[in-house]
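Structure file input_19.txt; described as compact mmCIF, C-alpha atoms.
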# COMPACT_ATOMS: atom_id res chain seq x y z
CA MET A 14 27.25 -25.57 -0.17
CA ALA A 15 24.50 -22.99 -0.25
CA ASN A 16 20.96 -24.30 0.07
CA ASN A 17 19.05 -23.77 -3.11
CA ASN A 18 15.86 -22.68 -1.46
CA GLU A 19 16.61 -21.25 1.94
CA VAL A 20 13.59 -19.42 3.33
CA ILE A 21 13.65 -17.56 6.63
CA LEU A 22 10.75 -15.51 7.98
CA LEU A 23 11.51 -12.73 10.46
CA ASP A 24 8.22 -12.18 12.22
CA PHE A 25 6.41 -11.53 15.50
CA TRP A 26 3.68 -14.00 16.43
CA PRO A 27 0.83 -11.52 17.21
CA SER A 28 1.38 -9.57 13.99
CA SER A 29 -1.53 -9.80 11.54
CA PHE A 30 0.88 -8.76 8.81
CA GLY A 31 3.27 -11.58 9.67
CA MET A 32 0.36 -14.02 9.74
CA ARG A 33 -0.42 -13.20 6.11
CA VAL A 34 3.02 -14.37 5.08
CA ARG A 35 2.87 -17.51 7.23
CA ILE A 36 -0.49 -18.46 5.66
CA ALA A 37 0.83 -17.88 2.13
CA LEU A 38 3.91 -20.02 2.78
CA HIS A 39 1.78 -22.84 4.22
CA GLU A 40 -0.67 -22.65 1.30
CA LYS A 41 2.26 -23.18 -1.04
CA GLY A 42 3.82 -25.92 1.06
CA VAL A 43 7.07 -23.98 1.39
CA GLU A 44 9.50 -25.14 4.07
CA PHE A 45 10.77 -22.18 6.03
CA GLU A 46 12.56 -21.25 9.20
CA TYR A 47 10.39 -19.09 11.45
CA ARG A 48 12.18 -16.58 13.68
CA ASP A 49 10.22 -14.64 16.27
CA GLU A 50 11.70 -11.18 16.83
CA ASP A 51 11.83 -9.25 20.08
CA LEU A 52 10.64 -5.89 18.75
CA ARG A 53 12.19 -3.98 21.66
CA ASN A 54 15.53 -5.58 20.80
CA LYS A 55 15.57 -6.17 17.07
CA SER A 56 18.05 -8.67 15.73
CA GLU A 57 21.01 -7.59 13.62
CA LEU A 58 19.58 -9.67 10.81
CA LEU A 59 16.26 -7.79 10.87
CA VAL A 60 17.94 -4.41 10.88
CA LYS A 61 20.24 -5.53 8.06
CA MET A 62 17.43 -7.05 5.96
CA ASN A 63 15.00 -4.14 6.44
CA PRO A 64 17.14 -1.07 7.11
CA ILE A 65 14.47 1.29 5.75
CA HIS A 66 11.52 0.42 7.99
CA LYS A 67 13.14 -2.02 10.49
CA LYS A 68 9.82 -3.84 10.67
CA ILE A 69 8.56 -7.39 10.43
CA PRO A 70 7.61 -9.41 8.48
CA VAL A 71 10.67 -9.85 6.32
CA LEU A 72 11.01 -12.87 4.07
CA VAL A 73 14.65 -13.77 3.49
CA HIS A 74 14.85 -15.99 0.42
CA ASN A 75 18.33 -17.27 -0.41
CA ASN A 76 19.72 -14.33 1.61
CA LYS A 77 17.69 -11.72 -0.26
CA PRO A 78 15.08 -9.78 1.72
CA VAL A 79 11.52 -9.03 0.67
CA CYS A 80 9.63 -6.55 2.87
CA GLU A 81 6.02 -5.36 3.34
CA SER A 82 3.46 -8.13 3.83
CA SER A 83 1.38 -7.55 0.67
CA ILE A 84 4.53 -7.40 -1.43
CA ILE A 85 5.84 -10.59 0.21
CA VAL A 86 2.57 -12.48 -0.41
CA GLN A 87 2.64 -11.50 -4.10
CA TYR A 88 6.28 -12.55 -4.30
CA ILE A 89 5.48 -15.95 -2.77
CA ASP A 90 2.60 -16.36 -5.22
CA GLU A 91 4.90 -15.61 -8.16
CA VAL A 92 7.87 -17.75 -7.09
CA TRP A 93 5.86 -20.81 -5.97
CA SER A 94 3.43 -20.47 -8.82
CA ASP A 95 2.84 -24.18 -9.39
CA LYS A 96 0.54 -24.60 -6.39
CA SER A 97 -2.52 -22.85 -4.92
CA PRO A 98 -2.53 -19.59 -6.90
CA LEU A 99 -3.50 -16.72 -4.62
CA LEU A 100 -3.99 -14.00 -7.24
CA PRO A 101 -6.21 -14.56 -10.29
CA SER A 102 -4.58 -14.62 -13.73
CA ASP A 103 -6.92 -12.10 -15.36
CA PRO A 104 -5.51 -8.53 -15.08
CA TYR A 105 -8.86 -6.98 -14.15
CA GLN A 106 -9.53 -9.57 -11.44
CA ARG A 107 -5.98 -9.03 -10.16
CA ALA A 108 -6.49 -5.26 -9.98
CA HIS A 109 -9.74 -5.91 -8.14
CA ALA A 110 -8.02 -8.21 -5.62
CA ARG A 111 -5.19 -5.72 -5.10
CA PHE A 112 -7.72 -2.94 -4.52
CA TRP A 113 -9.46 -4.87 -1.73
CA ALA A 114 -6.19 -5.92 -0.10
CA ASP A 115 -5.17 -2.25 -0.18
CA PHE A 116 -8.54 -1.29 1.38
CA ILE A 117 -7.94 -3.83 4.13
CA ASP A 118 -4.43 -2.39 4.66
CA LYS A 119 -5.68 1.17 4.87
CA LYS A 120 -8.50 0.58 7.32
CA THR A 121 -8.37 -2.66 9.30
CA TYR A 122 -5.26 -2.36 11.45
CA ASP A 123 -5.95 1.19 12.57
CA GLY A 124 -9.65 0.43 12.93
CA THR A 125 -9.07 -2.51 15.25
CA LYS A 126 -6.34 -0.75 17.25
CA LYS A 127 -8.63 2.18 17.91
CA ILE A 128 -11.13 -0.15 19.59
CA TRP A 129 -8.73 -1.67 22.10
CA THR A 130 -6.82 1.51 22.86
CA SER A 131 -9.76 3.88 23.34
CA LYS A 132 -12.54 4.41 25.85
CA GLY A 133 -15.94 6.05 26.16
CA GLU A 134 -17.23 8.03 23.17
CA ASP A 135 -14.04 7.39 21.18
CA GLN A 136 -14.52 3.67 21.57
CA VAL A 137 -18.19 3.88 20.57
CA VAL A 138 -17.18 5.67 17.37
CA ALA A 139 -14.37 3.20 16.72
CA LYS A 140 -16.73 0.23 17.08
CA LYS A 141 -19.29 1.79 14.77
CA GLU A 142 -16.66 2.52 12.11
CA PHE A 143 -15.26 -0.99 12.35
CA ILE A 144 -18.69 -2.57 11.92
CA GLU A 145 -19.27 -0.37 8.85
CA HIS A 146 -15.87 -1.37 7.51
CA LEU A 147 -16.77 -5.06 7.89
CA LYS A 148 -20.13 -4.41 6.19
CA VAL A 149 -18.35 -2.98 3.14
CA LEU A 150 -16.22 -6.12 3.03
CA GLU A 151 -19.28 -8.35 3.43
CA GLU A 152 -20.83 -6.65 0.41
CA GLN A 153 -17.76 -7.60 -1.59
CA LEU A 154 -17.95 -11.18 -0.39
CA GLY A 155 -21.57 -11.47 -1.47
CA ASP A 156 -22.60 -15.11 -1.72
CA LYS A 157 -19.14 -16.39 -2.50
CA PRO A 158 -17.40 -18.77 -0.09
CA TYR A 159 -14.22 -16.68 -0.28
CA PHE A 160 -13.24 -13.20 -1.47
CA GLY A 161 -11.26 -15.09 -4.09
CA GLY A 162 -14.50 -16.71 -5.35
CA ASP A 163 -14.57 -20.48 -5.08
CA THR A 164 -11.01 -20.62 -3.95
CA PHE A 165 -9.16 -19.09 -1.00
CA GLY A 166 -7.07 -16.20 -2.37
CA TYR A 167 -5.08 -13.02 -1.88
CA VAL A 168 -7.83 -10.96 -0.28
CA ASP A 169 -8.76 -13.80 2.11
CA VAL A 170 -5.08 -14.07 3.12
CA SER A 171 -4.95 -10.30 3.68
CA LEU A 172 -7.99 -10.19 5.95
CA ILE A 173 -8.19 -13.48 7.90
CA PRO A 174 -5.34 -12.69 10.36
CA PHE A 175 -7.41 -9.89 11.88
CA TYR A 176 -9.99 -12.51 12.91
CA SER A 177 -7.59 -13.65 15.63
CA TRP A 178 -8.07 -10.21 17.20
CA PHE A 179 -11.86 -10.41 17.39
CA TYR A 180 -11.93 -11.80 20.94
CA ILE A 181 -9.84 -8.83 22.12
CA LEU A 182 -12.08 -6.35 20.30
CA GLU A 183 -15.25 -7.95 21.68
CA THR A 184 -13.91 -8.10 25.23
CA GLU A 185 -12.46 -4.58 25.24
CA GLY A 186 -15.41 -3.14 23.38
CA ASN A 187 -18.11 -5.19 25.06
CA PHE A 188 -19.90 -6.19 21.88
CA LYS A 189 -20.36 -9.21 19.64
CA ILE A 190 -19.18 -8.81 16.07
CA GLU A 191 -21.41 -11.71 14.98
CA GLU A 192 -24.50 -9.66 15.85
CA SER A 193 -23.83 -7.06 13.15
CA ASN A 194 -21.56 -8.99 10.83
CA THR A 195 -22.73 -12.62 10.62
CA LYS A 196 -21.34 -13.10 7.13
CA ILE A 197 -17.78 -12.21 8.09
CA ILE A 198 -17.85 -14.63 11.01
CA GLU A 199 -19.15 -17.41 8.72
CA TRP A 200 -16.39 -16.62 6.23
CA ALA A 201 -13.76 -16.56 8.99
CA LYS A 202 -14.86 -19.93 10.34
CA ARG A 203 -14.72 -21.34 6.82
CA CYS A 204 -11.13 -20.05 6.46
CA MET A 205 -10.20 -21.52 9.85
CA GLN A 206 -10.93 -24.98 8.41
CA ARG A 207 -7.91 -24.58 6.18
CA GLU A 208 -4.75 -26.02 7.64
CA SER A 209 -2.67 -22.99 6.66
CA VAL A 210 -4.96 -20.69 8.64
CA ALA A 211 -5.59 -23.00 11.59
CA LYS A 212 -1.90 -23.50 12.23
CA THR A 213 -1.05 -19.83 11.78
CA LEU A 214 -3.62 -17.89 13.74
CA PRO A 215 -2.76 -17.74 17.43
CA ASP A 216 -5.28 -18.73 20.05
CA GLN A 217 -7.51 -15.69 20.60
CA LYS A 218 -7.20 -15.82 24.38
CA LYS A 219 -3.39 -16.01 24.15
CA LEU A 220 -3.48 -12.90 22.01
CA TYR A 221 -5.75 -11.21 24.56
CA GLU A 222 -3.22 -11.90 27.32
CA PHE A 223 -0.44 -10.53 25.14
CA VAL A 224 -2.42 -7.30 24.59
CA GLN A 225 -3.05 -6.94 28.35
CA GLU A 226 0.71 -7.27 28.99
CA TYR A 227 1.43 -4.80 26.20
CA LYS A 228 -1.06 -2.27 27.55
CA LYS A 229 0.43 -2.60 31.04
CA LYS A 230 3.89 -1.87 29.62
CA LEU A 231 2.56 1.18 27.82
CA GLY A 232 0.85 2.28 31.02
CA VAL A 233 -2.55 2.20 29.33
CA GLU A 234 -5.53 1.22 31.45
CA MET B 25 -16.41 -4.95 -28.36
CA GLY B 26 -13.79 -2.32 -28.20
CA ASN B 27 -11.02 -0.97 -26.18
CA LYS B 28 -12.75 1.96 -24.58
CA ALA B 29 -10.53 3.74 -22.08
CA MET B 30 -11.27 6.75 -19.93
CA LEU B 31 -9.30 8.37 -17.14
CA LEU B 32 -11.06 10.30 -14.36
CA ASP B 33 -8.37 12.55 -13.00
CA PHE B 34 -7.42 15.97 -11.67
CA TRP B 35 -4.57 17.68 -13.45
CA PRO B 36 -2.36 18.64 -10.42
CA SER B 37 -2.62 15.19 -8.82
CA PRO B 38 0.73 13.37 -8.79
CA PHE B 39 -1.23 10.11 -8.48
CA GLY B 40 -3.21 10.93 -11.61
CA MET B 41 0.05 11.86 -13.36
CA ARG B 42 1.39 8.34 -12.79
CA THR B 43 -1.48 6.85 -14.75
CA ARG B 44 -1.16 9.46 -17.51
CA ILE B 45 2.53 8.61 -17.92
CA ALA B 46 1.87 4.85 -18.00
CA LEU B 47 -0.84 5.26 -20.64
CA ALA B 48 1.41 7.50 -22.74
CA GLU B 49 4.34 5.09 -22.47
CA LYS B 50 2.11 2.31 -23.81
CA GLY B 51 0.59 4.49 -26.51
CA VAL B 52 -2.95 3.84 -25.25
CA LYS B 53 -5.69 6.07 -26.65
CA TYR B 54 -8.04 7.24 -23.92
CA GLU B 55 -10.47 9.99 -23.02
CA TYR B 56 -9.22 12.29 -20.28
CA LYS B 57 -11.80 13.75 -17.93
CA ASP B 58 -10.73 16.39 -15.41
CA GLU B 59 -12.87 16.24 -12.25
CA ASP B 60 -14.02 19.12 -10.11
CA LEU B 61 -13.15 17.66 -6.71
CA SER B 62 -15.52 20.03 -4.92
CA ASN B 63 -18.32 18.72 -7.13
CA LYS B 64 -17.51 15.13 -8.03
CA SER B 65 -19.21 13.69 -11.09
CA GLU B 66 -21.80 10.93 -10.82
CA LEU B 67 -19.50 8.81 -12.89
CA LEU B 68 -16.64 9.17 -10.41
CA LEU B 69 -18.91 8.32 -7.50
CA ALA B 70 -20.27 5.30 -9.38
CA MET B 71 -16.82 4.10 -10.44
CA ASN B 72 -15.11 4.61 -7.06
CA PRO B 73 -17.83 4.43 -4.41
CA VAL B 74 -15.40 3.23 -1.73
CA HIS B 75 -12.88 6.10 -1.75
CA LYS B 76 -14.54 8.59 -4.17
CA LYS B 77 -11.04 9.62 -5.30
CA ILE B 78 -9.18 10.10 -8.55
CA PRO B 79 -7.50 8.68 -10.52
CA VAL B 80 -9.92 6.05 -11.78
CA PHE B 81 -9.16 4.23 -15.00
CA VAL B 82 -12.33 3.04 -16.68
CA HIS B 83 -11.56 0.30 -19.18
CA ASN B 84 -14.50 -1.04 -21.19
CA ASN B 85 -16.77 0.36 -18.47
CA LYS B 86 -14.95 -1.42 -15.65
CA PRO B 87 -13.18 0.75 -13.06
CA VAL B 88 -9.67 0.29 -11.73
CA CYS B 89 -8.76 2.45 -8.72
CA GLU B 90 -5.58 3.43 -6.80
CA SER B 91 -2.76 4.79 -8.93
CA LEU B 92 -0.16 2.05 -8.44
CA ILE B 93 -2.77 -0.65 -8.98
CA ILE B 94 -3.83 1.12 -12.19
CA VAL B 95 -0.21 1.32 -13.40
CA GLU B 96 0.27 -2.43 -12.82
CA TYR B 97 -3.02 -3.12 -14.61
CA ILE B 98 -1.94 -1.02 -17.60
CA ASP B 99 1.41 -2.83 -17.65
CA GLU B 100 -0.34 -6.22 -17.64
CA VAL B 101 -3.00 -5.44 -20.25
CA TRP B 102 -0.71 -3.61 -22.68
CA SER B 103 2.11 -6.02 -22.07
CA LYS B 104 3.70 -6.14 -25.52
CA ASP B 105 5.68 -2.92 -25.47
CA LYS B 106 7.68 -1.02 -22.90
CA PRO B 107 7.29 -3.26 -19.83
CA LEU B 108 7.25 -1.12 -16.71
CA LEU B 109 7.72 -3.86 -14.13
CA PRO B 110 10.57 -6.38 -14.38
CA SER B 111 9.63 -10.00 -15.07
CA ASP B 112 11.82 -11.44 -12.31
CA PRO B 113 9.76 -11.86 -9.09
CA TYR B 114 12.53 -10.56 -6.81
CA LEU B 115 13.15 -7.44 -8.91
CA LYS B 116 9.38 -6.94 -9.11
CA ALA B 117 9.15 -7.10 -5.31
CA GLN B 118 11.94 -4.52 -5.06
CA ALA B 119 10.17 -2.21 -7.51
CA ARG B 120 6.91 -2.51 -5.55
CA PHE B 121 8.79 -1.80 -2.30
CA TRP B 122 10.28 1.45 -3.62
CA ALA B 123 7.00 2.65 -5.10
CA ASP B 124 5.42 1.96 -1.69
CA PHE B 125 8.28 3.89 -0.02
CA ALA B 126 7.56 6.82 -2.35
CA ASP B 127 3.94 6.82 -1.17
CA LYS B 128 4.57 6.28 2.54
CA LYS B 129 7.57 8.58 2.95
CA VAL B 130 8.30 10.90 0.04
CA TYR B 131 4.75 12.08 -0.60
CA GLU B 132 3.93 12.21 3.10
CA SER B 133 6.97 14.32 4.07
CA GLY B 134 6.59 16.58 1.03
CA ALA B 135 2.99 17.34 1.91
CA ARG B 136 4.00 18.05 5.51
CA ILE B 137 6.27 20.85 4.26
CA TRP B 138 3.37 22.95 3.05
CA LYS B 139 1.01 21.91 5.82
CA THR B 140 3.24 23.00 8.71
CA LYS B 141 5.30 25.93 9.98
CA GLY B 142 8.26 26.58 12.27
CA GLU B 143 9.81 23.56 14.03
CA GLU B 144 7.44 21.09 12.40
CA GLN B 145 8.22 22.43 8.96
CA GLU B 146 11.96 22.21 9.55
CA LYS B 147 11.49 18.56 10.51
CA ALA B 148 9.36 17.96 7.41
CA LYS B 149 12.06 19.45 5.17
CA LYS B 150 14.71 17.32 6.84
CA ASP B 151 12.61 14.15 6.46
CA PHE B 152 11.81 14.96 2.84
CA ILE B 153 15.47 15.42 1.89
CA GLU B 154 16.44 12.31 3.85
CA ASN B 155 13.81 10.27 2.01
CA LEU B 156 14.93 11.60 -1.38
CA THR B 157 18.53 10.78 -0.45
CA ILE B 158 17.58 7.19 0.44
CA LEU B 159 15.79 6.92 -2.89
CA VAL B 160 18.68 8.16 -5.01
CA GLN B 161 20.98 5.74 -3.24
CA GLN B 162 18.84 3.07 -4.88
CA LEU B 163 19.54 4.67 -8.23
CA GLY B 164 23.27 4.04 -7.90
CA ASP B 165 24.89 4.60 -11.28
CA ASN B 166 21.78 3.66 -13.22
CA PRO B 167 20.04 6.23 -15.39
CA TYR B 168 16.64 5.13 -14.06
CA PHE B 169 15.24 3.29 -11.05
CA GLY B 170 14.24 0.67 -13.60
CA GLY B 171 17.95 0.27 -14.49
CA ASP B 172 18.70 1.05 -18.12
CA THR B 173 15.05 1.56 -18.89
CA PHE B 174 12.40 3.88 -17.51
CA GLY B 175 10.17 1.74 -15.30
CA TYR B 176 7.54 1.40 -12.60
CA VAL B 177 9.45 3.19 -9.84
CA ASP B 178 10.36 6.07 -12.17
CA VAL B 179 6.66 6.37 -13.09
CA ALA B 180 5.71 6.30 -9.41
CA ILE B 181 8.10 9.07 -8.37
CA ILE B 182 8.56 11.50 -11.27
CA PRO B 183 5.15 13.20 -10.74
CA PHE B 184 6.33 14.48 -7.35
CA TYR B 185 8.93 16.51 -9.26
CA THR B 186 6.14 18.79 -10.51
CA TRP B 187 5.47 19.63 -6.86
CA PHE B 188 9.12 20.33 -5.89
CA TYR B 189 8.80 24.01 -6.76
CA THR B 190 5.76 24.27 -4.50
CA PHE B 191 7.58 22.54 -1.60
CA GLU B 192 10.61 24.78 -2.19
CA MET B 193 8.51 27.93 -2.09
CA ALA B 194 6.61 26.76 0.99
CA GLY B 195 9.74 25.69 2.83
CA ASN B 196 12.23 28.22 1.48
CA PHE B 197 14.83 25.72 0.32
CA LYS B 198 16.15 24.21 -2.88
CA VAL B 199 16.02 20.45 -3.49
CA GLU B 200 18.97 20.71 -5.92
CA GLU B 201 21.22 22.01 -3.14
CA SER B 202 20.67 19.02 -0.87
CA CYS B 203 19.92 16.33 -3.42
CA PRO B 204 21.32 17.18 -6.87
CA LYS B 205 21.12 13.58 -8.06
CA VAL B 206 17.34 13.52 -7.87
CA ILE B 207 17.19 16.64 -10.06
CA GLU B 208 19.59 15.01 -12.58
CA TRP B 209 17.36 11.94 -12.69
CA ALA B 210 14.20 14.06 -13.03
CA LYS B 211 15.66 16.07 -15.93
CA ARG B 212 16.57 12.82 -17.66
CA CYS B 213 12.98 11.59 -17.28
CA LEU B 214 11.69 14.93 -18.56
CA GLN B 215 13.25 14.17 -21.92
CA ARG B 216 10.60 11.48 -22.44
CA GLU B 217 7.43 12.51 -24.25
CA SER B 218 5.24 10.92 -21.58
CA VAL B 219 6.87 12.99 -18.84
CA LYS B 220 7.17 16.21 -20.88
CA ALA B 221 3.38 16.26 -20.94
CA LEU B 222 3.21 16.71 -17.14
CA PRO B 223 2.01 20.08 -15.84
CA ASP B 224 4.44 22.96 -15.45
CA PRO B 225 5.64 23.20 -11.82
CA ILE B 226 4.78 26.92 -11.79
CA LYS B 227 1.22 26.14 -12.82
CA VAL B 228 1.09 23.58 -9.98
CA TYR B 229 2.30 26.28 -7.57
CA ASP B 230 -0.40 28.68 -8.76
CA PHE B 231 -2.99 25.96 -8.17
CA PHE B 232 -1.53 25.40 -4.70
CA LEU B 233 -1.87 29.11 -3.85
CA GLU B 234 -5.51 29.02 -4.94
CA LEU B 235 -6.05 25.88 -2.86
CA LYS B 236 -4.54 27.54 0.22
CA LYS B 237 -6.81 30.53 -0.25
CA MET B 238 -9.83 28.26 -0.57
CA LEU B 239 -8.86 26.29 2.54
CA GLY B 240 -8.15 29.53 4.41
CA ILE B 241 -4.53 28.59 5.14
CA GLU B 242 -2.03 31.40 5.59
Is it possible to express this structure as structure tokens?
Amino acid sequence: MANNNEVILLDFWPSSFGMRVRIALHEKGVEFEYRDEDLRNKSELLVKMNPIHKKIPVLVHNNKPVCESSIIVQYIDEVWSDKSPLLPSDPYQRAHARFWADFIDKKTYDGTKKIWTSKGEDQVVAKKEFIEHLKVLEEQLGDKPYFGGDTFGYVDVSLIPFYSWFYILETEGNFKIEESNTKIIEWAKRCMQRESVAKTLPDQKKLYEFVQEYKKKLGVE
Amino acid sequence: MGNKAMLLDFWPSPFGMRTRIALAEKGVKYEYKDEDLSNKSELLLAMNPVHKKIPVFVHNNKPVCESLIIVEYIDEVWSKDKPLLPSDPYLKAQARFWADFADKKVYESGARIWKTKGEEQEKAKKDFIENLTILVQQLGDNPYFGGDTFGYVDVAIIPFYTWFYTFEMAGNFKVEESCPKVIEWAKRCLQRESVKALPDPIKVYDFFLELKKMLGIE
């Protein structure tokens, strides 16, 4: 007999994109099976469920795949709509939230990667750009506890996973993000008090070790 | 209190075209303002300070930016007639996925055709056709990506049709030869008033030639 609400998440533990989905599922109290993929040896299921991009995360809900983290989070919000709404109900506020999640998509991943894969002048530029990027986000936050206002929402979910990478960035880049971006650190610590975030984000040092291994494999110093 | 709507746009932009189509489908009255992208208006800079790009939909003085976000907004505000997105969450997720694919792959490979030469251009052409082929596979036997009705994915992709002639001229190939189904679908969409209003592909090509001259590209 088929399970009425079978939820499987194909993911990779260090992925900030995967973390978004994990957080959303926890916020909604959804029971799911977590499967960690070996990205150098992708499972048949992953390739079958995401033949176009062959990437994680993929949410498989009753055997039907949903791909792309922002799309998955919106899907989760719409299906499990009775609890913890992530997007606002007003169309303008929704467009506003989608805009900032898109901004985070466009800039954060590449911005952080540049810091831990570059050196010298390139790294100096990367750090400067990242700090500016965080400043723009801080302006959006303003005096609110969350990007979502009083409640943790879609934009918070989109951004908080990158916080787990801050130790790596600070160690590789030899700087302290808190010095230039106090507000973001305060916001991040506030988010970390939520169970969904605390149980999703990996230990920052564990992530650092993973990155060192990864760099060694790529032959990067 | 009114329903003041203004669109800051640039006529050859396929992203701007998406918003024009959505507004036309919904019968929304709005003021169209064509921007000079080499001399952006104060209004554009005020309404989209983060990216400074068009299109920007200004509704009752509040800006909405990013074409697909604008189309969803229009669909949600003018929700009575002609829904563009399906109501079912899974079908909605699928529609969003394919619109995202159009942005990440179709637009990207199409642009590469006119930006490159030689080996790189051959690869761009190959990728572009491959991406279009993947897309039309989604179409199946349906008249539109939305199924029986013209929808979000159709709106997202049809503007790129106005640039096909430009890609064909730049790459010396014909889309119809390698992907006739996409041309069939495009011609079907072109029967709609909202799509008929899109710029003539030859006009787009003339603009492109001017742009190349300005940028000093051969």
task = Tell me which protein, DNA and RNA residues are within 9 Å of Lys64 (chain B), counting all atoms listed in the file, leaving out same-chain ones fewer than 4 positions away, and put them as an MDAnalysis selection string.
result = chainID B and resid 59:60 68:69 76:77
Using all atoms listed in the file, what table do you get, as CSV, when you list each residue of chain A with an atom no more than 10 Å from chain B, its nearest pair of atoms, and their distance in Å rounded to one decimal, rows by chain then rising number?
residue,atom,partner,partner_atom,distance
A:Ile65,CA,B:Ile158,CA,8.5
A:His66,CA,B:Phe125,CA,9.3
A:His74,CA,B:Tyr114,CA,9.3
A:Lys77,CA,B:Tyr114,CA,8.4
A:Pro78,CA,B:Tyr114,CA,8.9
A:Val79,CA,B:Ala117,CA,6.7
A:Cys80,CA,B:Phe121,CA,7.1
A:Glu81,CA,B:Phe121,CA,7.2
A:Ser83,CA,B:Arg120,CA,9.7
A:Ile84,CA,B:Ala117,CA,6.0
A:Ile85,CA,B:Ala117,CA,7.3
A:Val86,CA,B:Ala117,CA,9.8
A:Gln87,CA,B:Ala117,CA,8.0
A:Tyr88,CA,B:Pro113,CA,6.0
A:Ile89,CA,B:Pro113,CA,8.7
A:Asp90,CA,B:Pro113,CA,9.3
A:Glu91,CA,B:Pro113,CA,6.2
A:Val92,CA,B:Pro113,CA,6.5
A:Asp103,CA,B:Glu100,CA,9.1
A:Pro104,CA,B:Tyr97,CA,6.0
A:Tyr105,CA,B:Tyr97,CA,7.0
A:Gln106,CA,B:Tyr97,CA,9.7
A:Arg107,CA,B:Tyr97,CA,8.0
A:Ala108,CA,B:Ile93,CA,6.0
A:His109,CA,B:Val88,CA,7.2
A:Ala110,CA,B:Ile93,CA,9.8
A:Arg111,CA,B:Ile93,CA,6.8
A:Phe112,CA,B:Cys89,CA,6.9
A:Asp115,CA,B:Glu90,CA,8.7
A:Phe116,CA,B:Val74,CA,8.8
A:Val149,CA,B:Val74,CA,8.4
task = With a distance cut-off of 7 Å and only C-alpha atoms, select the neighbouring residues of region 160-174 of chain B, excluding the residue or stretch itself and same-chain residues fewer than 5 positions from it, and output the selection as a list in words.
result = Lys205, Val206 and Trp209 of chain B
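For the pair CA of Ala135 (chain B) and CA of Val199 (chain B), the interatomic distance is 14.4 Å.
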Surrounding residues of Glu151 (chain A) excluding itself and chain neighbours under 6 positions, 12 Å, only C-alpha atoms, as a ChimeraX atom specification = /A:113,144-145,157-160,169,172,193-201
Restricted to C-alpha atoms, what would the selected residues look like written as a PDB file, in the coordinates of the input?
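Below is the file that was written, result.pdb:
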ATOM      1  CA  TRP A 113      -9.460  -4.870  -1.730  1.00  0.00           C
ATOM      2  CA  ILE A 144     -18.690  -2.570  11.920  1.00  0.00           C
ATOM      3  CA  GLU A 145     -19.270  -0.370   8.850  1.00  0.00           C
ATOM      4  CA  LYS A 157     -19.140 -16.390  -2.500  1.00  0.00           C
ATOM      5  CA  PRO A 158     -17.400 -18.770  -0.090  1.00  0.00           C
ATOM      6  CA  TYR A 159     -14.220 -16.680  -0.280  1.00  0.00           C
ATOM      7  CA  PHE A 160     -13.240 -13.200  -1.470  1.00  0.00           C
ATOM      8  CA  ASP A 169      -8.760 -13.800   2.110  1.00  0.00           C
ATOM      9  CA  LEU A 172      -7.990 -10.190   5.950  1.00  0.00           C
ATOM     10  CA  SER A 193     -23.830  -7.060  13.150  1.00  0.00           C
ATOM     11  CA  ASN A 194     -21.560  -8.990  10.830  1.00  0.00           C
ATOM     12  CA  THR A 195     -22.730 -12.620  10.620  1.00  0.00           C
ATOM     13  CA  LYS A 196     -21.340 -13.100   7.130  1.00  0.00           C
ATOM     14  CA  ILE A 197     -17.780 -12.210   8.090  1.00  0.00           C
ATOM     15  CA  ILE A 198     -17.850 -14.630  11.010  1.00  0.00           C
ATOM     16  CA  GLU A 199     -19.150 -17.410   8.720  1.00  0.00           C
ATOM     17  CA  TRP A 200     -16.390 -16.620   6.230  1.00  0.00           C
ATOM     18  CA  ALA A 201     -13.760 -16.560   8.990  1.00  0.00           C
TER      19      ALA A 201
END
Around all of region 170-175 of chain A's listed atoms, make the axis-aligned box with 5 Å on each side and tell me centre and edge lengths in Å to one decimal, as lines of an AutoDock Vina configuration file.
center_x = -6.6
center_y = -12.0
center_z = 7.5
size_x = 13.2
size_y = 14.2
size_z = 18.8
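Closest approach to Gly240 (chain B) among B:Lys139, B:Arg212, B:Lys128, B:Lys147 is made by B:Lys139 (distances from all atoms listed in the file).
In this model, the gap between CA of Lys202 (chain A) and CA of Tyr176 (chain A) comes to 9.2 Å.
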task = Show which residues sit within 9 Å of Val224 (chain A), as a count of residues only. Count only C-alpha atoms, and ignore same-chain residues fewer than 5 positions away.
result = 4
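Coordinates place CA of Val43 (chain A) at a distance of 28.3 Å from CA of Phe223 (chain A).
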task = Using all atoms listed in the file, find the one residue out of A:Ile117, A:Leu22, A:Leu99, A:Met32 that sits nearest to Lys212 (chain A).
result = A:Met32
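Distances to Phe175 (chain A) were evaluated for A:Trp26, A:Phe188, A:Tyr122, A:Tyr227 using all atoms listed in the file, and the minimum falls at A:Tyr122.
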request  = Might you pull out every residue within 9 Å of region 46-49 of chain B, with all atoms listed in the file counted and same-chain residues fewer than 2 positions away left off, and present them as a VMD selection string?
outcome  = chain B and resid 41 to 44 51 to 54 94 to 95 98 to 99 105 to 106 108 176 179 216 to 219
request  = Go through B:Phe34, B:Trp122, B:Phe184, B:Tyr189 one by one, measure the shortest atom-to-atom distance of each to Leu159 (chain B) using all atoms listed in the file, and give the residue with the smallest value.
outcome  = B:Trp122
